[in-house]
file run-v5.cif (mmCIF, C-alpha atoms)
data_query
#
loop_
_atom_site.label_atom_id
_atom_site.label_comp_id
_atom_site.auth_asym_id
_atom_site.auth_seq_id
_atom_site.Cartn_x
_atom_site.Cartn_y
_atom_site.Cartn_z
CA MET A 1 3.06 87.97 23.14
CA LYS A 2 6.66 88.87 22.36
CA ILE A 3 8.75 85.72 21.89
CA ALA A 4 12.53 85.75 21.88
CA PHE A 5 13.83 82.97 19.64
CA TYR A 6 17.40 82.33 20.76
CA ASN A 7 19.85 80.48 18.50
CA HIS A 8 23.46 80.08 19.64
CA THR A 9 24.89 79.91 16.09
CA SER A 10 24.50 81.90 12.88
CA ALA A 11 25.00 78.85 10.64
CA VAL A 12 21.85 77.55 8.96
CA SER A 13 20.87 73.89 8.94
CA GLY A 14 17.56 72.07 9.46
CA ALA A 15 17.05 73.44 12.98
CA GLU A 16 17.42 77.03 11.83
CA ILE A 17 15.12 76.50 8.85
CA SER A 18 12.47 75.13 11.22
CA LEU A 19 12.96 78.12 13.53
CA LEU A 20 12.47 80.60 10.69
CA LEU A 21 9.36 78.86 9.41
CA THR A 22 7.83 78.56 12.88
CA ALA A 23 8.44 82.26 13.54
CA LYS A 24 7.07 83.23 10.12
CA TYR A 25 3.75 81.45 10.70
CA LEU A 26 2.98 82.60 14.25
CA THR A 27 -0.36 84.39 14.24
CA GLU A 28 -0.75 85.54 17.87
CA ALA A 29 2.86 86.19 18.82
CA HIS A 30 5.55 88.64 17.74
CA PRO A 31 8.85 86.79 17.15
CA ILE A 32 12.27 88.36 17.68
CA ILE A 33 15.28 86.26 16.68
CA PHE A 34 18.37 86.65 18.87
CA ALA A 35 21.48 85.11 17.28
CA PRO A 36 25.04 85.96 16.19
CA GLU A 37 25.32 88.01 13.03
CA GLY A 38 25.43 85.85 9.93
CA GLU A 39 23.33 83.76 7.59
CA LEU A 40 20.45 83.11 9.99
CA LEU A 41 19.81 86.78 10.75
CA GLN A 42 20.10 87.69 7.08
CA LYS A 43 17.40 85.16 6.23
CA ALA A 44 15.26 86.53 9.06
CA ARG A 45 15.66 90.06 7.68
CA ASN A 46 14.57 88.83 4.26
CA LEU A 47 11.41 87.40 5.84
CA GLY A 48 10.71 90.65 7.69
CA ILE A 49 11.27 89.10 11.14
CA GLU A 50 12.68 91.36 13.84
CA ILE A 51 16.25 90.45 14.85
CA VAL A 52 18.83 91.24 17.53
CA ALA A 53 22.50 90.44 16.83
CA LEU A 54 24.52 88.80 19.61
CA PRO A 55 28.23 88.05 20.14
CA SER A 56 29.07 84.66 18.64
CA PHE A 57 29.84 81.64 20.81
CA ARG A 58 30.87 78.16 19.68
CA ALA A 59 30.77 75.02 21.78
CA ARG A 60 30.16 71.35 21.18
CA MET A 61 29.39 68.18 23.08
CA THR A 62 32.58 66.43 24.20
CA ARG A 63 33.77 63.71 26.56
CA ASN A 64 37.07 65.53 27.15
CA PRO A 65 36.85 66.82 30.76
CA PHE A 66 39.15 69.81 30.12
CA LEU A 67 37.29 70.94 27.00
CA LEU A 68 33.99 70.38 28.77
CA VAL A 69 35.05 72.80 31.53
CA VAL A 70 36.20 75.36 28.94
CA TYR A 71 32.91 75.10 27.05
CA MET A 72 30.88 75.35 30.25
CA ILE A 73 32.70 78.55 31.25
CA GLY A 74 32.02 79.96 27.79
CA MET A 75 28.37 78.98 28.01
CA LEU A 76 28.08 80.65 31.41
CA TRP A 77 29.54 83.86 29.99
CA ALA A 78 27.24 83.77 26.95
CA GLY A 79 24.25 82.93 29.16
CA TRP A 80 24.94 85.89 31.45
CA LYS A 81 25.27 88.28 28.49
CA LEU A 82 21.99 86.93 27.13
CA ALA A 83 20.27 87.33 30.50
CA LEU A 84 21.36 90.98 30.70
CA LEU A 85 19.91 91.59 27.25
CA MET A 86 16.68 89.73 27.96
CA LYS A 87 16.16 91.76 31.11
CA LYS A 88 15.99 94.88 28.92
CA SER A 89 14.17 93.44 25.92
CA ARG A 90 10.61 93.41 27.26
CA VAL A 91 9.89 89.98 25.83
CA ASP A 92 7.48 87.55 27.48
CA LEU A 93 9.17 84.20 26.84
CA ILE A 94 12.47 82.76 25.56
CA HIS A 95 12.28 79.97 22.99
CA ALA A 96 15.72 78.32 22.85
CA ASN A 97 16.26 76.53 19.54
CA SER A 98 18.63 73.79 20.76
CA ILE A 99 19.94 72.09 23.88
CA ARG A 100 22.96 74.43 24.02
CA ALA A 101 20.75 77.47 23.56
CA GLY A 102 18.42 76.15 26.26
CA ILE A 103 21.26 75.76 28.75
CA MET A 104 22.52 79.29 28.10
CA ALA A 105 19.03 80.80 28.28
CA GLY A 106 18.00 78.86 31.36
CA LEU A 107 21.01 79.09 33.65
CA PHE A 108 20.29 82.71 34.55
CA GLY A 109 16.51 82.45 34.69
CA TRP A 110 16.71 83.66 38.29
CA TYR A 111 17.89 86.98 36.87
CA HIS A 112 15.80 87.58 33.75
CA ARG A 113 12.74 85.84 35.33
CA LEU A 114 11.30 84.82 31.97
CA PRO A 115 9.84 81.39 31.16
CA VAL A 116 12.16 79.39 28.93
CA VAL A 117 11.19 76.74 26.36
CA TRP A 118 13.82 74.31 25.08
CA HIS A 119 13.36 72.95 21.56
CA ILE A 120 14.97 69.48 21.61
CA ARG A 121 15.96 68.74 18.01
CA ASP A 122 18.58 66.05 18.65
CA ILE A 123 18.77 62.89 20.69
CA PRO A 124 20.88 63.79 23.75
CA PRO A 125 23.99 61.74 24.56
CA GLN A 126 23.82 58.78 26.92
CA GLY A 127 25.33 58.56 30.38
CA PHE A 128 26.39 61.34 32.73
CA ILE A 129 26.24 64.16 30.14
CA GLY A 130 22.78 63.16 28.99
CA ASN A 131 21.46 62.95 32.54
CA LEU A 132 23.00 66.34 33.35
CA ILE A 133 21.27 67.87 30.32
CA LYS A 134 17.92 66.45 31.43
CA ARG A 135 18.39 67.72 34.98
CA LEU A 136 19.23 71.19 33.67
CA GLY A 137 16.20 71.09 31.40
CA GLY A 138 13.97 70.05 34.25
CA SER A 139 15.21 72.82 36.52
CA THR A 140 15.48 75.71 34.04
CA ALA A 141 12.79 75.14 31.38
CA LYS A 142 9.03 75.45 31.69
CA ALA A 143 8.53 73.17 28.69
CA LEU A 144 10.65 71.03 26.36
CA ILE A 145 9.43 70.66 22.78
CA CYS A 146 10.54 67.36 21.21
CA ILE A 147 10.42 67.00 17.42
CA SER A 148 9.64 63.26 17.34
CA GLU A 149 8.57 60.35 19.52
CA SER A 150 12.15 59.10 19.30
CA VAL A 151 13.49 62.35 20.76
CA LEU A 152 10.69 62.39 23.33
CA GLN A 153 11.61 58.89 24.53
CA SER A 154 15.29 59.84 24.72
CA MET A 155 14.34 62.61 27.18
CA ASP A 156 12.61 60.19 29.55
CA HIS A 157 13.86 61.16 33.02
CA PRO A 158 12.20 62.04 36.34
CA SER A 159 13.68 65.55 36.13
CA VAL A 160 11.52 66.46 33.11
CA ALA A 161 8.39 64.51 33.96
CA GLY A 162 5.35 66.31 32.56
CA GLN A 163 7.39 69.00 30.78
CA CYS A 164 8.03 67.36 27.39
CA ARG A 165 5.67 68.08 24.49
CA LEU A 166 5.64 66.40 21.08
CA VAL A 167 5.51 68.85 18.16
CA HIS A 168 6.66 67.52 14.81
CA ASN A 169 8.57 69.82 12.49
CA GLY A 170 6.45 71.23 9.70
CA VAL A 171 7.18 72.26 6.16
CA GLU A 172 5.91 75.13 4.06
CA LEU A 173 3.59 73.30 1.69
CA LYS A 174 4.08 74.57 -1.83
CA SER A 175 2.72 73.05 -4.99
CA PHE A 176 3.90 73.61 -8.54
CA HIS A 177 1.61 73.20 -11.53
CA ASN A 178 2.71 70.75 -14.21
CA GLU A 179 4.23 73.30 -16.60
CA GLU A 180 6.18 74.90 -13.77
CA ARG A 181 7.46 71.49 -12.61
CA GLU A 182 8.69 70.77 -16.13
CA ARG A 183 10.57 74.07 -16.23
CA ILE A 184 12.10 73.39 -12.82
CA ASN A 185 13.08 69.88 -13.89
CA ASP A 186 14.73 71.14 -17.07
CA ARG A 187 16.57 73.95 -15.28
CA ILE A 188 17.89 71.89 -12.36
CA ARG A 189 19.00 68.98 -14.53
CA SER A 190 20.70 71.31 -16.98
CA GLU A 191 22.46 73.12 -14.13
CA LEU A 192 23.65 69.82 -12.63
CA GLN A 193 24.61 68.40 -16.03
CA THR A 194 22.14 65.55 -15.70
CA PRO A 195 20.45 64.01 -18.78
CA GLN A 196 16.69 64.58 -18.90
CA GLU A 197 16.06 60.88 -19.52
CA ALA A 198 18.12 59.69 -16.51
CA ARG A 199 16.46 58.49 -13.30
CA VAL A 200 17.72 60.69 -10.48
CA LEU A 201 18.27 59.60 -6.88
CA ALA A 202 18.84 62.39 -4.36
CA ILE A 203 20.17 62.33 -0.81
CA ILE A 204 19.80 65.72 0.86
CA GLY A 205 21.30 66.90 4.14
CA GLN A 206 24.42 67.86 6.00
CA ILE A 207 27.49 65.89 4.98
CA ALA A 208 28.34 63.99 8.17
CA PRO A 209 29.23 60.41 9.10
CA TRP A 210 25.92 59.81 10.87
CA LYS A 211 24.04 60.78 7.70
CA ARG A 212 25.69 57.76 6.01
CA GLN A 213 25.84 59.12 2.45
CA GLU A 214 28.33 56.29 1.86
CA ASP A 215 25.44 53.80 1.90
CA ALA A 216 23.70 55.66 -0.91
CA ILE A 217 26.91 55.61 -2.97
CA GLU A 218 27.43 51.88 -2.43
CA ALA A 219 23.83 51.00 -3.34
CA PHE A 220 24.05 53.30 -6.35
CA ALA A 221 27.22 51.58 -7.56
CA GLY A 222 25.25 48.33 -7.74
CA LEU A 223 22.62 49.99 -9.92
CA ILE A 224 25.30 51.29 -12.28
CA HIS A 225 26.73 47.76 -12.50
CA GLU A 226 23.31 46.72 -13.87
CA GLU A 227 23.79 49.30 -16.66
CA ARG A 228 20.91 51.48 -15.52
CA ASN A 229 20.67 55.09 -16.65
CA VAL A 230 20.74 56.61 -13.17
CA VAL A 231 22.40 59.61 -11.49
CA LEU A 232 22.94 60.32 -7.80
CA TRP A 233 22.78 63.86 -6.42
CA ILE A 234 24.43 64.35 -3.02
CA VAL A 235 23.02 67.64 -1.80
CA GLY A 236 24.57 69.34 1.22
CA GLU A 237 27.82 70.60 2.68
CA ALA A 238 30.20 69.58 5.43
CA LYS A 239 29.93 72.11 8.25
CA PHE A 240 30.29 72.51 12.02
CA ARG A 241 33.06 69.93 12.55
CA PRO A 242 36.41 69.03 10.92
CA GLU A 243 35.43 65.36 10.86
CA ASN A 244 32.56 66.25 8.55
CA GLU A 245 35.02 67.77 6.06
CA ARG A 246 37.16 64.63 6.28
CA TYR A 247 34.05 62.53 5.68
CA LEU A 248 33.25 64.53 2.53
CA GLU A 249 36.73 63.79 1.20
CA ARG A 250 36.21 60.11 1.96
CA LEU A 251 32.95 60.13 0.02
CA LYS A 252 34.66 61.68 -2.99
CA GLU A 253 37.42 59.07 -2.81
CA MET A 254 34.76 56.38 -2.65
CA VAL A 255 33.08 57.75 -5.79
CA LYS A 256 36.43 57.77 -7.56
CA ALA A 257 37.17 54.19 -6.51
CA PHE A 258 33.83 53.06 -7.98
CA ASN A 259 34.60 55.07 -11.16
CA LEU A 260 31.38 57.05 -10.74
CA GLU A 261 32.66 60.62 -11.16
CA ASP A 262 30.29 61.30 -14.07
CA LYS A 263 27.31 59.70 -12.31
CA VAL A 264 27.55 61.09 -8.75
CA ILE A 265 27.19 64.85 -8.42
CA PHE A 266 28.08 66.72 -5.23
CA THR A 267 25.93 69.85 -5.42
CA GLY A 268 27.04 71.54 -2.20
CA PHE A 269 24.50 73.42 -0.11
CA ARG A 270 21.26 74.26 -1.92
CA GLU A 271 18.45 76.51 -0.76
CA ASP A 272 16.02 75.23 -3.41
CA VAL A 273 15.31 71.87 -1.77
CA LEU A 274 11.73 71.69 -3.04
CA GLU A 275 12.90 72.35 -6.57
CA ILE A 276 15.63 69.70 -6.21
CA CYS A 277 12.92 67.26 -5.14
CA CYS A 278 10.79 68.19 -8.14
CA ALA A 279 13.66 67.31 -10.47
CA ALA A 280 14.45 63.99 -8.75
CA ASP A 281 12.72 60.61 -9.07
CA LEU A 282 13.48 59.24 -5.61
CA LEU A 283 14.76 60.58 -2.28
CA LEU A 284 17.07 58.52 -0.09
CA LEU A 285 17.63 59.04 3.63
CA CYS A 286 20.38 56.79 5.03
CA SER A 287 20.90 58.38 8.47
CA ASP A 288 21.77 56.54 11.63
CA HIS A 289 18.72 57.39 13.80
CA GLU A 290 17.64 60.66 12.22
CA PRO A 291 15.91 62.68 14.99
CA PHE A 292 13.12 63.62 12.58
CA GLY A 293 13.81 63.95 8.86
CA ARG A 294 12.16 67.10 7.52
CA VAL A 295 13.61 66.49 4.05
CA ILE A 296 11.38 63.40 3.83
CA ILE A 297 8.33 65.62 4.24
CA GLU A 298 9.67 68.10 1.70
CA ALA A 299 10.07 65.30 -0.85
CA MET A 300 6.65 63.83 -0.03
CA SER A 301 5.04 67.23 -0.44
CA GLN A 302 6.28 67.26 -4.03
CA GLY A 303 5.09 63.73 -4.75
CA VAL A 304 8.59 62.23 -4.71
CA PRO A 305 8.79 58.68 -3.26
CA VAL A 306 11.15 58.11 -0.35
CA VAL A 307 13.30 55.24 0.90
CA GLY A 308 14.58 55.90 4.43
CA THR A 309 16.12 54.16 7.41
CA ARG A 310 13.98 52.46 10.05
CA GLY A 311 15.10 54.42 13.08
CA GLY A 312 14.80 57.72 14.94
CA GLY A 313 11.81 59.79 13.87
CA VAL A 314 11.52 58.35 10.35
CA PRO A 315 8.82 55.74 11.21
CA GLU A 316 6.61 58.61 12.37
CA ILE A 317 6.68 60.01 8.84
CA ILE A 318 6.83 57.03 6.47
CA GLU A 319 4.14 54.36 6.46
CA HIS A 320 6.13 51.40 5.17
CA GLY A 321 4.69 50.11 1.90
CA MET A 322 2.12 52.91 1.74
CA SER A 323 3.96 56.24 1.56
CA GLY A 324 7.51 54.94 1.20
CA PHE A 325 9.90 52.15 2.15
CA MET A 326 12.07 51.81 5.25
CA TYR A 327 15.15 49.62 5.56
CA GLU A 328 17.46 48.62 8.40
CA ILE A 329 20.27 51.10 9.00
CA GLY A 330 23.39 50.08 7.08
CA ASN A 331 21.71 47.26 5.11
CA ILE A 332 22.90 48.13 1.59
CA ASP A 333 21.24 45.14 -0.06
CA GLU A 334 17.84 46.05 1.38
CA LEU A 335 18.30 49.67 0.36
CA ALA A 336 19.18 48.66 -3.21
CA LEU A 337 16.21 46.28 -3.35
CA TYR A 338 13.74 49.02 -2.43
CA ILE A 339 15.33 51.48 -4.86
CA ARG A 340 14.82 48.95 -7.68
CA GLN A 341 11.20 48.33 -6.69
CA VAL A 342 10.33 52.03 -6.73
CA LEU A 343 12.14 52.74 -10.01
CA ASP A 344 10.90 49.64 -11.81
CA ASP A 345 7.25 49.52 -10.70
CA GLN A 346 5.18 52.50 -11.81
CA VAL A 347 2.28 51.37 -9.60
CA ILE A 348 4.46 51.56 -6.47
CA TRP A 349 5.95 54.90 -7.57
CA SER A 350 2.47 56.41 -8.10
CA LEU A 351 1.12 54.99 -4.83
CA PHE A 352 3.98 56.47 -2.80
CA SER A 353 3.74 59.75 -4.68
CA GLN A 354 0.02 60.21 -3.98
CA ASN A 355 0.02 58.90 -0.41
CA GLY A 356 3.13 60.90 0.46
CA GLN A 357 1.55 64.16 -0.69
CA GLU A 358 -1.58 63.47 1.34
CA ARG A 359 0.40 62.55 4.47
CA ALA A 360 2.56 65.67 4.26
CA ARG A 361 -0.48 67.88 3.82
CA GLU A 362 -2.52 66.28 6.62
CA MET A 363 0.16 65.86 9.29
CA PHE A 364 3.21 68.05 8.68
CA SER A 365 2.13 71.53 7.66
CA ILE A 366 4.16 74.36 9.20
CA LYS A 367 0.87 76.06 10.06
CA GLN A 368 0.00 73.14 12.35
CA THR A 369 3.47 73.23 13.91
CA SER A 370 3.34 76.97 14.61
CA HIS A 371 -0.16 76.68 16.06
CA LYS A 372 0.92 73.93 18.49
CA VAL A 373 3.99 75.91 19.56
CA GLN A 374 1.87 79.01 20.03
CA GLN A 375 -0.55 77.07 22.24
CA ILE A 376 2.39 76.10 24.47
CA TYR A 377 3.34 79.77 24.81
CA LYS A 378 -0.20 80.72 25.76
CA GLU A 379 -0.43 77.94 28.33
CA LEU A 380 2.87 78.89 29.97
CA LEU A 381 2.14 82.60 30.04
CA ALA A 382 -1.38 82.09 31.39
CA ARG A 383 -0.13 79.85 34.19
CA PRO A 384 1.32 82.59 36.43
CA GLY A 385 -1.59 84.92 35.56
CA VAL A 386 -0.83 87.89 37.76
CA GLU A 387 2.88 87.87 36.92
CA PHE A 388 2.15 88.09 33.21
CA LYS A 389 -0.37 90.88 33.71
CA GLU A 390 2.15 92.78 35.80
CA ARG A 391 4.79 92.47 33.07
CA GLN A 392 2.28 93.71 30.49
CA GLN A 393 1.32 96.66 32.69
CA ALA A 394 5.00 97.49 33.28
CA LYS A 395 5.54 97.57 29.51
CA GLU A 396 2.61 99.93 29.04
CA ILE A 397 3.96 102.27 31.76
CA VAL A 398 7.40 102.32 30.13
#
call {"tool": "encode", "arguments": {"input": "run-v5.cif", "output": "structure tokens"}}
result
Amino acid sequence: MKIAFYNHTSAVSGAEISLLLTAKYLTEAHPIIFAPEGELLQKARNLGIEIVALPSFRARMTRNPFLLVVYMIGMLWAGWKLALLMKKSRVDLIHANSIRAGIMAGLFGWYHRLPVVWHIRDIPPQGFIGNLIKRLGGSTAKALICISESVLQSMDHPSVAGQCRLVHNGVELKSFHNEERERINDRIRSELQTPQEARVLAIIGQIAPWKRQEDAIEAFAGLIHEERNVVLWIVGEAKFRPENERYLERLKEMVKAFNLEDKVIFTGFREDVLEICCAADLLLLCSDHEPFGRVIIEAMSQGVPVVGTRGGGVPEIIEHGMSGFMYEIGNIDELALYIRQVLDDQVIWSLFSQNGQERAREMFSIKQTSHKVQQIYKELLARPGVEFKERQQAKEIV
């Protein structure tokens, strides 16, 4: 099977990391990544994955009718260009890595005549736009892969009945022996000017209002008031939208107002997330309905306890009181309480560390994710039988 992974942007965030890992671990399919030139394709090259560079196209969800029309025209143009390319590419299936990519890949399915899979990585908007997305998905996609039960429920609509499949994101499980962990810990803490004896809290992800890094800062300020030797690492960058850059500035002003400049470290984007986790004592996730939360699994895989919000896909990962704690979104007092319990009680820390590692290994391996995705491909391509055989024979003739 030749699978065209289509991504509408070259920027790399969690969705693109998941795409790369899924493609890397396919065993019965040959992946080809179609995306604009940039960071994503460079990472694909480094992994030895075949790539095809496309013209870039930027669009975003909006309630502005004029901008919506402009973006739709742009998406139609990009979708037509993609369809022309797919017609020549001799691939068997298009795997669109987002809702936008799915729309662009699916609108001209009548021309390229290839089955399209949408990977739904975000909860779609409510109302007219959300219903329109679901109708388009139902009419243009053969299957919709949802990354969590929360996302799956958000796609509930007669238009997509029977087409949605639950496949959790997976992580590349990697373990470090004790000596290696110590070296990583020393290196990361030295690089980030963090004392070896300090307890480190880390919040990792895109800097954006819905990620609510402000809650971590406020809870952390309370810990500092108790004269604890703690440091907060805010790992990530503001990208995609101007409001995210404004939010980053607000976070820095907040840190300054609390007089925490020497205790809160903004690291910017980091590729070494597993190593960051190894050097931290606790991971925080404060998001407002995180669609999934792959960073939770990455932390768990390294034996780092997690405190996350009770919403979105997080409850599918954390077993409250067994492999981590969950608190109500925006409840700073509850967040601070759970942070204290994990840091102060070695029994709880060890329980979460051990149970988290086991849960990550048993349920969220990238090998399992790639296998499930591959089974969807095989099912879709076997369904039309003769059509698929004819395409294969046509390839052999060419």
call {"tool": "residues_near_point", "arguments": {"input": "run-v5.cif", "point": "(33.2, 67.4, 13.9)", "cutoff": "12 Å", "atoms": "only C-alpha atoms", "output": "NGL selection string"}}
result
:A and (59-62 or 206-210 or 238-248)
call {"tool": "atom_distance", "arguments": {"input": "run-v5.cif", "atom1": "atom CA of A:Arg187", "atom2": "atom CA of A:Ser301"}}
result
20.0 Å
call {"tool": "closest_atom_pairs", "arguments": {"input": "run-v5.cif", "of": "stretch 135-233 of chain A", "to": "stretch 260-277 of chain A", "cutoff": "7 Å", "atoms": "all atoms listed in the file", "output": "Markdown table"}}
result
| residue | atom | partner | partner_atom | distance |
| --- | --- | --- | --- | --- |
| A:Ile184 | CA | A:Glu275 | CA | 6.4 |
| A:Ile188 | CA | A:Ile276 | CA | 6.9 |
| A:Val231 | CA | A:Lys263 | CA | 5.0 |
| A:Leu232 | CA | A:Val264 | CA | 4.8 |
| A:Trp233 | CA | A:Ile265 | CA | 4.9 |
call {"tool": "atom_distance", "arguments": {"input": "run-v5.cif", "atom1": "atom CA of A:Lys43", "atom2": "atom CA of A:Leu107"}}
result
28.3 Å
call {"tool": "resolve_selection", "arguments": {"input": "run-v5.cif", "expression": "the PyMOL selection byres ((chain A and resi 287-294) around 9)", "output": "NGL selection string"}}
result
:A and (14 or 18 or 121-123 or 147-151 or 168-171 or 209-213 or 285-286 or 295-299 or 308-314 or 316-317 or 329-330)
